[in-house]
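Colleague: Before we start, here is the structure in question, set down as structure tokens.
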Amino acid sequence: MNNMDSEKKAMLQSIGDKLQKYRKEANLTQEQLSELADVSQKHISRLERGLHVPHFDMIIKIAKALNVSTDAFVEDLSADNINIFLQNIKSDVEGMSQNQLSLIKDFILAIKQYHF
């Protein structure tokens, strides 16, 4: 296997791992996700195992079904990419009361005091 093939395989596996992670976080089976995204369950399985190159339109469908950004499949969530993190938690904080949002802000400030 040449270097390009191994890089492609690693990229596909990374996308598959992230897809599986977000699916499980949403408490969905492959079958449930396939219905929401209008993609076959076999295709979801192949994507999660890194055996298929997803078309961009499919990534969009799956991201919408999982309520995540399309970037979530291709970029790592790191300190350098706060926008992906914010996009991923947007649906969790939408509709919260002002008191709940204030608690979250206080919690973040308390965490920032600690250096891990």
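Convention: chains lettered A, B, ... in structure tokens order; per-chain residue numbering from 1; ligands numbered from 1 as shown.
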Among chain A, which residues carry a DSSP assignment of helix (DSSP H, G or I), reported as a PyMOL selection string?
Modeller: chain A and resi 3-25+30-37+41-48+56-66+70-73+82-93+98-112
Colleague: Please produce, as a tab-separated table, a per-residue contact table for region 44-63 of chain A versus region 8-14 of chain A (criterion: any atom at most 10 Å away, only C-alpha atoms considered), showing the nearest atom pair and its distance in Å to one decimal, sorted by chain then residue number.
Modeller:
residue	atom	partner	partner_atom	distance
A:Leu47	CA	A:Leu12	CA	7.7
A:Glu48	CA	A:Gln13	CA	7.2
A:Arg49	CA	A:Gln13	CA	6.4
A:Gly50	CA	A:Gln13	CA	4.2
A:Leu51	CA	A:Leu12	CA	7.1
A:His52	CA	A:Leu12	CA	7.3
A:Val53	CA	A:Leu12	CA	6.7
A:Pro54	CA	A:Leu12	CA	8.6
Colleague: Which is closest to Ile59 (chain A) among A:Ile15, A:Ile108, A:Leu103, A:Ala26, if we use only C-alpha atoms?
Modeller: A:Ile15
Colleague: Applying 12 Å and only C-alpha atoms, which residues near Asp38 (chain A) remain after dropping the ones on its own chain fewer than 2 positions away? List them as a list of chain:residue names.
Modeller: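 The neighbour list is A:Gln30, A:Glu31, A:Gln32, A:Leu33, A:Ser34, A:Glu35, A:Leu36, A:Ser40, A:Gln41, A:Lys42, A:His43, A:Ile44, A:Asp57, A:Met58, A:Ile59, A:Ile60, A:Lys61, A:Ile62, A:Ala63, A:Lys64, A:Ala65.
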